[in-house]
Amino acid sequence: MAASSVLVSGCAKSVDPDELPGVYRNGKTGGEITLDSDGTFDATDLSTDEHSDAADFHGQWEFQDSSFGGDFVYLDIEERGIGEVSGVQLYTRGGGKVEFSEPDGSWSLVLTKVSAQ
């Protein structure tokens, strides 16, 4: 995981937070994240930015309704040590899609909902 969280402004779509729980997958990489309705998540084989290798991680998620830069899901990653990212933003895109992305648009990983939780 990279040493800084990913920030983007103005690109995220407003969504109904009750529709977020489910399994999201990237068909190209096979990476997957499950947002459970109890506020926990599990990620498998995911990169959250262009500088990190794919990894498995888990923790708590919370929907953030942001009028400044759009809605996003904040992922609070458990078991991270000093110097490692403990949280990242997963941007909502509407239409059953969420995305990790770089601020300048040079990299993104879009995940599509494959099942509800």
# chains A, B, ... in the order shown; residues from 1 in each chain; ligands from 1

call {"tool": "residues_around", "arguments": {"residues": "His58 (chain A)", "least_positions_apart": "5", "cutoff": "8 Å", "atoms": "only C-alpha atoms", "output": "ChimeraX atom specification"}}
result
/A:40-43,77-78

call {"tool": "closest_residue", "arguments": {"among": "A:Thr112, A:Gly105, A:Glu99, A:Arg25", "to": "Thr48 (chain A)", "atoms": "only C-alpha atoms"}}
result
A:Glu99

call {"tool": "residues_around", "arguments": {"residues": "Gly59 (chain A)", "least_positions_apart": "4", "cutoff": "12 Å", "atoms": "only C-alpha atoms", "output": "count of residues only"}}
result
20

call {"tool": "closest_residue", "arguments": {"among": "A:Lys113, A:Val73, A:Gly27, A:Phe100", "to": "Ser52 (chain A)", "atoms": "only C-alpha atoms"}}
result
A:Phe100
